[in-house]
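Here the structure is laid out as structure tokens; the discussion comes afterwards.
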Amino acid sequence: MIIYSRNRRLRVNQSIRDLMRETTLTTDDFMLPIFITEGKNIKEDIPSMPGIYRHSLDLTIKEIKELWSLGIKAVNLYVKVNDKLKDNTGKEAWNKNGLMQDTIKAIKDAVPEMIVMPDVALDPYSIYGHDGIVEDGKILNDATVEALVKMSVSHAEAGADFIAPSDMMDGRVAAIREALEENGFPNVGIMSYAAKYASSFYGPFRDALDSAPGFGDKKTYQMDYGNSREAINEAIKDIDEGADMIMVKPGLPYLDIVSKLNEIVDVPISVYQVSGEYAMIKAAVQNGWLDNDKIIIESLTCIKRAGASLISTYFAKEAAKLLNK
Ligand code: PBG
């Protein structure tokens, strides 16, 4: 039998496989989402996210230095807000001396080259756990955008490199861009969570920040997971409004969206491998059902292969250690 075309020739040994590989991870592909809480010397477990902690600011800074030494160059910041500071306006979100603003300053003081992307949305500050201001059981769009603008400017004043609105209100990217320009921050970028789906994969994150919606769900602002054309519409509008980078979220189950957007848009696409994806993998690893190191590298490589320029992942630190080996 003569088979002229044998695909296996290009897989015969590790050297040829290395030479043929299209997608290779580096630590430059990662951002690490981190959770900050009030207090000193605090490191709290998040039961649904084994290996991930809420750190107080002092320990966060130690962590940031370690991340930098591992080659991680960007962090996404999320704060756990004291219940006493929560209300329906979210005003603590633009407190100049709030936990987020203090964290941004402290990180930029300690490691100025670390790219800092604070999350912009009201949910950690909202008594309702919603990303916007609530009136008669509805999430107000325009009033929320005004709040997000104040929040964004306060992040820029604290030293943020990129503003990262994850709220999915309409028109917020343009409003934030305008405010950044007007307030003297032309070089502060916007990474918009453009294609953010209403997903059950966010459960462990809401445990981490105690930010689960108190009523209803987020389906009037986050997208329906049955849709993909809507993601293109969201992305194109955010880019028109001035987003420098867009994000798709969640990651692994949504790689068709990443791939599609990669064909259409000309800005970098970041992908968020979210808390529920992390939790699923860790649970299987803890049961001995999946190989931790292999599954981390495979899942992240696949996200990059689909078209991600950057991956926000709770595995960033572990993956960096594996890649640095
Ligand atoms: C809040 C926000 C959420 C996540 C990032 N920003 C939760 C939500 O929208 O309810 C989820 C991230 C994760 O699950 O890891 N605006």
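Identifiers in this document derive from the order of the structure tokens: chains are assigned A, B, ..., residues are numbered from 1 separately in each chain, and ligands are numbered from 1 in order of occurrence.
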Could you list, as a PDB file with N, CA and C atoms, in the first residue's frame, all residues that come within 9 Å of ligand 1? Count only C-alpha atoms and all ligand atoms.
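Written output follows (selection.pdb):
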ATOM      1  N   PRO A  33      -6.151  37.875  37.562  1.00  0.00           N
ATOM      2  CA  PRO A  33      -7.168  38.575  38.351  1.00  0.00           C
ATOM      3  C   PRO A  33      -6.837  38.398  39.830  1.00  0.00           C
ATOM      4  N   TYR A  78      -9.895  43.368  41.665  1.00  0.00           N
ATOM      5  CA  TYR A  78     -11.271  43.294  42.164  1.00  0.00           C
ATOM      6  C   TYR A  78     -11.230  43.443  43.675  1.00  0.00           C
ATOM      7  N   ASP A 119     -11.141  46.727  37.741  1.00  0.00           N
ATOM      8  CA  ASP A 119     -12.480  46.440  37.214  1.00  0.00           C
ATOM      9  C   ASP A 119     -13.400  47.637  37.441  1.00  0.00           C
ATOM     10  N   VAL A 120     -14.157  47.981  36.420  1.00  0.00           N
ATOM     11  CA  VAL A 120     -15.145  49.055  36.562  1.00  0.00           C
ATOM     12  C   VAL A 120     -16.551  48.475  36.395  1.00  0.00           C
ATOM     13  N   ALA A 121     -17.262  48.414  37.497  1.00  0.00           N
ATOM     14  CA  ALA A 121     -18.665  47.971  37.551  1.00  0.00           C
ATOM     15  C   ALA A 121     -19.094  48.200  38.987  1.00  0.00           C
ATOM     16  N   LEU A 122     -20.393  48.358  39.210  1.00  0.00           N
ATOM     17  CA  LEU A 122     -20.807  48.729  40.566  1.00  0.00           C
ATOM     18  C   LEU A 122     -21.070  47.535  41.485  1.00  0.00           C
ATOM     19  N   ASP A 123     -21.063  46.315  40.943  1.00  0.00           N
ATOM     20  CA  ASP A 123     -21.555  45.191  41.766  1.00  0.00           C
ATOM     21  C   ASP A 123     -20.889  45.008  43.131  1.00  0.00           C
ATOM     22  N   PRO A 124     -19.562  45.170  43.256  1.00  0.00           N
ATOM     23  CA  PRO A 124     -19.010  44.964  44.606  1.00  0.00           C
ATOM     24  C   PRO A 124     -19.440  46.060  45.584  1.00  0.00           C
ATOM     25  N   GLY A 129     -25.980  43.943  44.621  1.00  0.00           N
ATOM     26  CA  GLY A 129     -25.082  43.043  43.895  1.00  0.00           C
ATOM     27  C   GLY A 129     -25.249  43.165  42.384  1.00  0.00           C
ATOM     28  N   HIS A 130     -25.813  44.302  41.928  1.00  0.00           N
ATOM     29  CA  HIS A 130     -25.949  44.501  40.488  1.00  0.00           C
ATOM     30  C   HIS A 130     -24.865  45.444  39.982  1.00  0.00           C
ATOM     31  N   ASP A 131     -24.596  45.354  38.679  1.00  0.00           N
ATOM     32  CA  ASP A 131     -23.506  46.163  38.119  1.00  0.00           C
ATOM     33  C   ASP A 131     -23.897  47.625  37.921  1.00  0.00           C
ATOM     34  N   PRO A 165     -14.006  48.310  32.022  1.00  0.00           N
ATOM     35  CA  PRO A 165     -15.438  48.238  32.349  1.00  0.00           C
ATOM     36  C   PRO A 165     -16.033  46.864  32.048  1.00  0.00           C
ATOM     37  N   SER A 166     -16.580  46.245  33.085  1.00  0.00           N
ATOM     38  CA  SER A 166     -17.123  44.886  32.938  1.00  0.00           C
ATOM     39  C   SER A 166     -18.636  44.879  33.130  1.00  0.00           C
ATOM     40  N   ASP A 167     -19.245  46.055  33.077  1.00  0.00           N
ATOM     41  CA  ASP A 167     -20.637  46.217  33.497  1.00  0.00           C
ATOM     42  C   ASP A 167     -21.673  45.963  32.407  1.00  0.00           C
ATOM     43  N   MET A 168     -21.267  46.129  31.131  1.00  0.00           N
ATOM     44  CA  MET A 168     -22.176  45.914  29.987  1.00  0.00           C
ATOM     45  C   MET A 168     -23.309  46.942  29.871  1.00  0.00           C
ATOM     46  N   TYR A 193     -14.953  44.965  28.465  1.00  0.00           N
ATOM     47  CA  TYR A 193     -15.538  43.628  28.453  1.00  0.00           C
ATOM     48  C   TYR A 193     -16.691  43.744  27.449  1.00  0.00           C
ATOM     49  N   LYS A 196     -19.506  40.050  27.004  1.00  0.00           N
ATOM     50  CA  LYS A 196     -19.619  39.416  28.325  1.00  0.00           C
ATOM     51  C   LYS A 196     -20.991  38.777  28.441  1.00  0.00           C
ATOM     52  N   TYR A 197     -20.985  37.480  28.639  1.00  0.00           N
ATOM     53  CA  TYR A 197     -22.238  36.721  28.656  1.00  0.00           C
ATOM     54  C   TYR A 197     -22.795  36.589  30.071  1.00  0.00           C
ATOM     55  N   ALA A 198     -24.109  36.498  30.165  1.00  0.00           N
ATOM     56  CA  ALA A 198     -24.762  36.195  31.440  1.00  0.00           C
ATOM     57  C   ALA A 198     -24.508  34.715  31.704  1.00  0.00           C
ATOM     58  N   SER A 199     -23.539  34.444  32.552  1.00  0.00           N
ATOM     59  CA  SER A 199     -23.024  33.080  32.641  1.00  0.00           C
ATOM     60  C   SER A 199     -23.069  32.535  34.061  1.00  0.00           C
ATOM     61  N   SER A 200     -23.360  31.257  34.175  1.00  0.00           N
ATOM     62  CA  SER A 200     -23.312  30.600  35.478  1.00  0.00           C
ATOM     63  C   SER A 200     -21.881  30.262  35.876  1.00  0.00           C
ATOM     64  N   PHE A 201     -20.950  30.509  34.987  1.00  0.00           N
ATOM     65  CA  PHE A 201     -19.541  30.252  35.319  1.00  0.00           C
ATOM     66  C   PHE A 201     -18.953  31.312  36.259  1.00  0.00           C
ATOM     67  N   TYR A 202     -19.732  32.357  36.602  1.00  0.00           N
ATOM     68  CA  TYR A 202     -19.179  33.402  37.479  1.00  0.00           C
ATOM     69  C   TYR A 202     -19.420  33.123  38.969  1.00  0.00           C
ATOM     70  N   GLY A 203     -20.064  31.997  39.275  1.00  0.00           N
ATOM     71  CA  GLY A 203     -20.447  31.726  40.671  1.00  0.00           C
ATOM     72  C   GLY A 203     -19.319  31.881  41.682  1.00  0.00           C
ATOM     73  N   PRO A 204     -18.174  31.214  41.472  1.00  0.00           N
ATOM     74  CA  PRO A 204     -17.099  31.304  42.475  1.00  0.00           C
ATOM     75  C   PRO A 204     -16.565  32.731  42.661  1.00  0.00           C
ATOM     76  N   PHE A 205     -16.539  33.523  41.588  1.00  0.00           N
ATOM     77  CA  PHE A 205     -16.123  34.928  41.692  1.00  0.00           C
ATOM     78  C   PHE A 205     -17.068  35.690  42.629  1.00  0.00           C
ATOM     79  N   ARG A 206     -18.345  35.426  42.509  1.00  0.00           N
ATOM     80  CA  ARG A 206     -19.309  36.127  43.366  1.00  0.00           C
ATOM     81  C   ARG A 206     -19.162  35.664  44.811  1.00  0.00           C
ATOM     82  N   SER A 211     -20.655  39.155  46.036  1.00  0.00           N
ATOM     83  CA  SER A 211     -21.307  40.126  45.146  1.00  0.00           C
ATOM     84  C   SER A 211     -22.415  39.519  44.296  1.00  0.00           C
ATOM     85  N   ALA A 212     -22.970  38.401  44.743  1.00  0.00           N
ATOM     86  CA  ALA A 212     -24.049  37.786  43.952  1.00  0.00           C
ATOM     87  C   ALA A 212     -25.256  38.718  43.925  1.00  0.00           C
ATOM     88  N   PRO A 213     -25.971  38.791  42.785  1.00  0.00           N
ATOM     89  CA  PRO A 213     -27.138  39.674  42.737  1.00  0.00           C
ATOM     90  C   PRO A 213     -28.166  39.285  43.800  1.00  0.00           C
ATOM     91  N   ASP A 217     -31.383  38.394  37.933  1.00  0.00           N
ATOM     92  CA  ASP A 217     -30.120  37.957  37.347  1.00  0.00           C
ATOM     93  C   ASP A 217     -29.564  39.120  36.536  1.00  0.00           C
ATOM     94  N   LYS A 218     -28.542  38.867  35.724  1.00  0.00           N
ATOM     95  CA  LYS A 218     -27.900  39.975  35.013  1.00  0.00           C
ATOM     96  C   LYS A 218     -28.245  39.977  33.517  1.00  0.00           C
ATOM     97  N   GLN A 222     -25.986  41.641  30.607  1.00  0.00           N
ATOM     98  CA  GLN A 222     -25.029  40.688  30.032  1.00  0.00           C
ATOM     99  C   GLN A 222     -25.724  39.887  28.924  1.00  0.00           C
ATOM    100  N   LYS A 249     -15.736  36.860  27.426  1.00  0.00           N
ATOM    101  CA  LYS A 249     -15.848  36.259  28.749  1.00  0.00           C
ATOM    102  C   LYS A 249     -17.157  35.514  28.866  1.00  0.00           C
ATOM    103  N   PRO A 250     -17.195  34.277  29.369  1.00  0.00           N
ATOM    104  CA  PRO A 250     -16.108  33.383  29.752  1.00  0.00           C
ATOM    105  C   PRO A 250     -15.188  32.981  28.594  1.00  0.00           C
ATOM    106  N   TYR A 272     -11.161  35.995  29.095  1.00  0.00           N
ATOM    107  CA  TYR A 272     -11.190  35.754  30.544  1.00  0.00           C
ATOM    108  C   TYR A 272     -11.581  34.294  30.793  1.00  0.00           C
ATOM    109  N   GLN A 273     -10.610  33.534  31.256  1.00  0.00           N
ATOM    110  CA  GLN A 273     -10.916  32.180  31.719  1.00  0.00           C
ATOM    111  C   GLN A 273     -11.441  32.362  33.145  1.00  0.00           C
ATOM    112  N   VAL A 274     -12.747  32.276  33.311  1.00  0.00           N
ATOM    113  CA  VAL A 274     -13.375  32.799  34.535  1.00  0.00           C
ATOM    114  C   VAL A 274     -13.331  31.810  35.696  1.00  0.00           C
ATOM    115  N   SER A 275     -13.861  32.298  36.826  1.00  0.00           N
ATOM    116  CA  SER A 275     -13.772  31.548  38.077  1.00  0.00           C
ATOM    117  C   SER A 275     -14.359  30.136  37.986  1.00  0.00           C
ATOM    118  N   GLY A 276     -15.495  29.993  37.314  1.00  0.00           N
ATOM    119  CA  GLY A 276     -16.120  28.674  37.227  1.00  0.00           C
ATOM    120  C   GLY A 276     -15.302  27.692  36.409  1.00  0.00           C
ATOM    121  N   GLU A 277     -14.592  28.214  35.426  1.00  0.00           N
ATOM    122  CA  GLU A 277     -13.711  27.350  34.634  1.00  0.00           C
ATOM    123  C   GLU A 277     -12.547  26.880  35.502  1.00  0.00           C
ATOM    124  N   TYR A 278     -12.017  27.816  36.283  1.00  0.00           N
ATOM    125  CA  TYR A 278     -10.933  27.478  37.211  1.00  0.00           C
ATOM    126  C   TYR A 278     -11.427  26.414  38.213  1.00  0.00           C
ATOM    127  N   SER A 312      -6.794  36.441  30.654  1.00  0.00           N
ATOM    128  CA  SER A 312      -6.934  36.714  32.063  1.00  0.00           C
ATOM    129  C   SER A 312      -7.281  35.381  32.711  1.00  0.00           C
ATOM    130  N   THR A 313      -6.406  34.901  33.592  1.00  0.00           N
ATOM    131  CA  THR A 313      -6.609  33.565  34.127  1.00  0.00           C
ATOM    132  C   THR A 313      -6.105  33.445  35.550  1.00  0.00           C
ATOM    133  N   TYR A 314      -6.901  32.743  36.374  1.00  0.00           N
ATOM    134  CA  TYR A 314      -6.480  32.485  37.753  1.00  0.00           C
ATOM    135  C   TYR A 314      -5.305  31.509  37.787  1.00  0.00           C
TER     136      TYR A 314
END
| request: Name the residues in contact with Glu157 in chain A at a cut-off of 12 Å, using only C-alpha atoms, excluding same-chain residues fewer than 6 positions from it; report them as a PyMOL selection string. | output: chain A and resi 94-97+100-102+104-105+108+150-151+163+179-180+183-185+188
| request: Show which residues sit within 9 Å of range 229-245 of chain A, as a list of chain:residue names. Count only C-alpha atoms, and ignore same-chain residues fewer than 4 positions away. | output: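 Near neighbours after the sequence-gap exclusion: A:Gly171, A:Arg172, A:Val173, A:Ala174, A:Ala175, A:Ile176, A:Arg177, A:Glu178, A:Gly189, A:Ile190, A:Met191, A:Ser192, A:Tyr193, A:Ala194, A:Ala195, A:Lys196, A:Tyr197, A:Met223, A:Asp224, A:Ile257, A:Lys260, A:Leu261, A:Ile264, A:Val265, A:Val267, A:Pro268, A:Ile269, A:Ser270.
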| query | Neighbours of range 55-71 of chain A within 7 Å (only C-alpha atoms; same-chain residues fewer than 4 positions away dropped), as a ChimeraX atom specification? | reply | /A:27,35-44,103,107,111,317,320-321
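Distances from A:Ala143, A:Leu85, A:Leu300, A:Leu77 to Ala160 in chain A were compared using only C-alpha atoms, and the smallest one belongs to A:Leu77.
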| Separation of CA of Met169 in chain A from CA of Asp29 in chain A, in Å and rounded to one decimal | 27.7 Å
Using backbone DSSP assignments, extract all strand (DSSP E or B) residues from range 78-185 of chain A; output them as an mmCIF file with N, CA and C atoms, in the first residue's frame.
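Dumped to states-v3.cif:
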data_model
loop_
_atom_site.group_PDB
_atom_site.id
_atom_site.type_symbol
_atom_site.label_atom_id
_atom_site.label_comp_id
_atom_site.auth_asym_id
_atom_site.auth_seq_id
_atom_site.Cartn_x
_atom_site.Cartn_y
_atom_site.Cartn_z
ATOM 1 N N TYR A 78 -9.895 43.368 41.665
ATOM 2 C CA TYR A 78 -11.271 43.294 42.164
ATOM 3 C C TYR A 78 -11.230 43.443 43.675
ATOM 4 N N VAL A 79 -12.033 44.335 44.214
ATOM 5 C CA VAL A 79 -12.009 44.511 45.665
ATOM 6 C C VAL A 79 -13.269 43.964 46.323
ATOM 7 N N ASP A 87 -24.084 50.823 48.920
ATOM 8 C CA ASP A 87 -25.400 51.458 48.818
ATOM 9 C C ASP A 87 -25.922 51.238 47.403
ATOM 10 N N ILE A 115 1.327 46.414 34.694
ATOM 11 C CA ILE A 115 0.134 47.011 34.095
ATOM 12 C C ILE A 115 -1.079 46.705 34.987
ATOM 13 N N VAL A 116 -1.737 47.760 35.394
ATOM 14 C CA VAL A 116 -2.826 47.623 36.362
ATOM 15 C C VAL A 116 -4.162 47.941 35.688
ATOM 16 N N MET A 117 -5.075 46.974 35.746
ATOM 17 C CA MET A 117 -6.394 47.127 35.116
ATOM 18 C C MET A 117 -7.498 46.895 36.142
ATOM 19 N N PRO A 118 -7.916 47.958 36.810
ATOM 20 C CA PRO A 118 -8.990 47.797 37.789
ATOM 21 C C PRO A 118 -10.345 47.559 37.111
ATOM 22 N N ASP A 119 -11.141 46.727 37.741
ATOM 23 C CA ASP A 119 -12.480 46.440 37.214
ATOM 24 C C ASP A 119 -13.400 47.637 37.441
ATOM 25 N N VAL A 120 -14.157 47.981 36.420
ATOM 26 C CA VAL A 120 -15.145 49.055 36.562
ATOM 27 C C VAL A 120 -16.551 48.475 36.395
ATOM 28 N N SER A 126 -22.564 47.588 45.398
ATOM 29 C CA SER A 126 -24.023 47.701 45.352
ATOM 30 C C SER A 126 -24.688 46.832 46.406
ATOM 31 N N VAL A 134 -30.037 50.648 40.740
ATOM 32 C CA VAL A 134 -31.335 49.968 40.629
ATOM 33 C C VAL A 134 -32.470 50.949 40.927
ATOM 34 N N GLU A 135 -33.510 50.882 40.094
ATOM 35 C CA GLU A 135 -34.735 51.653 40.376
ATOM 36 C C GLU A 135 -35.937 50.801 39.988
ATOM 37 N N LYS A 138 -35.266 47.644 38.257
ATOM 38 C CA LYS A 138 -34.587 47.683 36.947
ATOM 39 C C LYS A 138 -33.198 48.285 37.115
ATOM 40 N N ILE A 139 -32.291 47.918 36.226
ATOM 41 C CA ILE A 139 -30.938 48.453 36.281
ATOM 42 C C ILE A 139 -30.878 49.644 35.322
ATOM 43 N N PHE A 162 -5.005 50.790 32.474
ATOM 44 C CA PHE A 162 -6.186 50.533 31.644
ATOM 45 C C PHE A 162 -7.418 50.519 32.532
ATOM 46 N N ILE A 163 -8.480 51.103 32.012
ATOM 47 C CA ILE A 163 -9.779 51.032 32.680
ATOM 48 C C ILE A 163 -10.489 49.829 32.067
ATOM 49 N N ALA A 164 -11.075 49.020 32.930
ATOM 50 C CA ALA A 164 -11.661 47.774 32.418
ATOM 51 C C ALA A 164 -13.135 47.655 32.791
ATOM 52 N N PRO A 165 -14.006 48.310 32.022
ATOM 53 C CA PRO A 165 -15.438 48.238 32.349
ATOM 54 C C PRO A 165 -16.033 46.864 32.048
#
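Between CA of Met114 in chain A and CA of His155 in chain A lies a distance of 15.1 Å.
From CA of Ile133 in chain A back to CA of Ile34 in chain A, the distance works out to 24.7 Å.
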| request: Would you please extract all alpha helix (DSSP H) residues from range 128-303 of chain A, as assigned by DSSP on the backbone, and give them as a VMD selection string? | output: chain A and resid 142 to 158 172 to 182 203 to 209 229 to 240 255 to 264 275 to 286 292 to 303
Restricted to C-alpha atoms, what would the selected residues look like written as a PDB file, in the first residue's frame?
ATOM      1  CA  ASP A 142     -27.536  56.204  31.809  1.00  0.00           C
ATOM      2  CA  ALA A 143     -27.327  56.980  35.519  1.00  0.00           C
ATOM      3  CA  THR A 144     -25.003  54.004  35.877  1.00  0.00           C
ATOM      4  CA  VAL A 145     -22.790  55.263  33.054  1.00  0.00           C
ATOM      5  CA  GLU A 146     -22.378  58.555  34.949  1.00  0.00           C
ATOM      6  CA  ALA A 147     -21.261  56.610  38.018  1.00  0.00           C
ATOM      7  CA  LEU A 148     -18.868  54.467  35.963  1.00  0.00           C
ATOM      8  CA  VAL A 149     -17.302  57.608  34.509  1.00  0.00           C
ATOM      9  CA  LYS A 150     -16.544  58.954  38.005  1.00  0.00           C
ATOM     10  CA  MET A 151     -15.176  55.564  39.008  1.00  0.00           C
ATOM     11  CA  SER A 152     -12.953  55.399  35.914  1.00  0.00           C
ATOM     12  CA  VAL A 153     -11.508  58.878  36.413  1.00  0.00           C
ATOM     13  CA  SER A 154     -10.706  58.052  40.032  1.00  0.00           C
ATOM     14  CA  HIS A 155      -8.892  54.905  38.882  1.00  0.00           C
ATOM     15  CA  ALA A 156      -6.913  56.926  36.348  1.00  0.00           C
ATOM     16  CA  GLU A 157      -6.026  59.482  39.042  1.00  0.00           C
ATOM     17  CA  ALA A 158      -4.757  56.659  41.225  1.00  0.00           C
ATOM     18  CA  ARG A 172     -20.072  53.580  28.711  1.00  0.00           C
ATOM     19  CA  VAL A 173     -16.915  53.238  26.632  1.00  0.00           C
ATOM     20  CA  ALA A 174     -17.490  56.563  24.825  1.00  0.00           C
ATOM     21  CA  ALA A 175     -18.391  58.310  28.068  1.00  0.00           C
ATOM     22  CA  ILE A 176     -15.295  56.954  29.830  1.00  0.00           C
ATOM     23  CA  ARG A 177     -13.031  57.810  26.876  1.00  0.00           C
ATOM     24  CA  GLU A 178     -14.354  61.355  26.790  1.00  0.00           C
ATOM     25  CA  ALA A 179     -13.833  61.815  30.527  1.00  0.00           C
ATOM     26  CA  LEU A 180     -10.295  60.411  30.393  1.00  0.00           C
ATOM     27  CA  GLU A 181      -9.390  62.817  27.590  1.00  0.00           C
ATOM     28  CA  GLU A 182     -10.990  65.779  29.350  1.00  0.00           C
ATOM     29  CA  GLY A 203     -20.447  31.726  40.671  1.00  0.00           C
ATOM     30  CA  PRO A 204     -17.099  31.304  42.475  1.00  0.00           C
ATOM     31  CA  PHE A 205     -16.123  34.928  41.692  1.00  0.00           C
ATOM     32  CA  ARG A 206     -19.309  36.127  43.366  1.00  0.00           C
ATOM     33  CA  ASP A 207     -18.374  33.979  46.396  1.00  0.00           C
ATOM     34  CA  ALA A 208     -14.961  35.676  46.408  1.00  0.00           C
ATOM     35  CA  LEU A 209     -16.406  39.199  46.471  1.00  0.00           C
ATOM     36  CA  ARG A 229     -23.829  37.879  16.253  1.00  0.00           C
ATOM     37  CA  GLU A 230     -24.623  40.060  19.225  1.00  0.00           C
ATOM     38  CA  ALA A 231     -21.001  39.710  20.356  1.00  0.00           C
ATOM     39  CA  ILE A 232     -19.815  41.183  17.080  1.00  0.00           C
ATOM     40  CA  ASN A 233     -22.223  44.079  17.434  1.00  0.00           C
ATOM     41  CA  GLU A 234     -21.031  44.740  21.012  1.00  0.00           C
ATOM     42  CA  ALA A 235     -17.374  44.550  20.024  1.00  0.00           C
ATOM     43  CA  ILE A 236     -17.671  46.845  17.022  1.00  0.00           C
ATOM     44  CA  LYS A 237     -19.600  49.440  19.020  1.00  0.00           C
ATOM     45  CA  ASP A 238     -17.073  49.397  21.862  1.00  0.00           C
ATOM     46  CA  ILE A 239     -14.190  49.793  19.413  1.00  0.00           C
ATOM     47  CA  ASP A 240     -15.989  52.676  17.676  1.00  0.00           C
ATOM     48  CA  LEU A 255     -13.882  30.186  21.894  1.00  0.00           C
ATOM     49  CA  ASP A 256     -16.099  30.272  18.804  1.00  0.00           C
ATOM     50  CA  ILE A 257     -16.800  33.899  19.703  1.00  0.00           C
ATOM     51  CA  VAL A 258     -13.084  34.607  20.077  1.00  0.00           C
ATOM     52  CA  SER A 259     -12.332  33.002  16.769  1.00  0.00           C
ATOM     53  CA  LYS A 260     -15.095  34.888  14.988  1.00  0.00           C
ATOM     54  CA  LEU A 261     -14.082  38.239  16.479  1.00  0.00           C
ATOM     55  CA  ASN A 262     -10.471  37.559  15.593  1.00  0.00           C
ATOM     56  CA  GLU A 263     -11.491  37.484  11.923  1.00  0.00           C
ATOM     57  CA  ILE A 264     -13.424  40.719  12.182  1.00  0.00           C
ATOM     58  CA  SER A 275     -13.772  31.548  38.077  1.00  0.00           C
ATOM     59  CA  GLY A 276     -16.120  28.674  37.227  1.00  0.00           C
ATOM     60  CA  GLU A 277     -13.711  27.350  34.634  1.00  0.00           C
ATOM     61  CA  TYR A 278     -10.933  27.478  37.211  1.00  0.00           C
ATOM     62  CA  ALA A 279     -13.160  25.768  39.791  1.00  0.00           C
ATOM     63  CA  MET A 280     -14.141  22.955  37.394  1.00  0.00           C
ATOM     64  CA  ILE A 281     -10.548  22.185  36.548  1.00  0.00           C
ATOM     65  CA  LYS A 282      -9.354  22.346  40.155  1.00  0.00           C
ATOM     66  CA  ALA A 283     -12.205  20.114  41.332  1.00  0.00           C
ATOM     67  CA  ALA A 284     -11.277  17.484  38.767  1.00  0.00           C
ATOM     68  CA  VAL A 285      -7.605  17.797  39.693  1.00  0.00           C
ATOM     69  CA  GLN A 286      -8.405  17.392  43.384  1.00  0.00           C
ATOM     70  CA  ASN A 292      -3.136  19.792  36.876  1.00  0.00           C
ATOM     71  CA  ASP A 293      -0.064  20.994  34.988  1.00  0.00           C
ATOM     72  CA  LYS A 294      -1.038  19.518  31.643  1.00  0.00           C
ATOM     73  CA  ILE A 295      -4.596  20.767  31.741  1.00  0.00           C
ATOM     74  CA  ILE A 296      -3.498  24.300  32.652  1.00  0.00           C
ATOM     75  CA  ILE A 297      -1.116  24.553  29.728  1.00  0.00           C
ATOM     76  CA  GLU A 298      -3.527  22.879  27.304  1.00  0.00           C
ATOM     77  CA  SER A 299      -6.495  25.047  28.224  1.00  0.00           C
ATOM     78  CA  LEU A 300      -4.474  28.261  27.955  1.00  0.00           C
ATOM     79  CA  THR A 301      -2.828  27.238  24.688  1.00  0.00           C
ATOM     80  CA  CYS A 302      -6.248  26.529  23.186  1.00  0.00           C
ATOM     81  CA  ILE A 303      -7.510  29.953  24.222  1.00  0.00           C
TER      82      ILE A 303
END
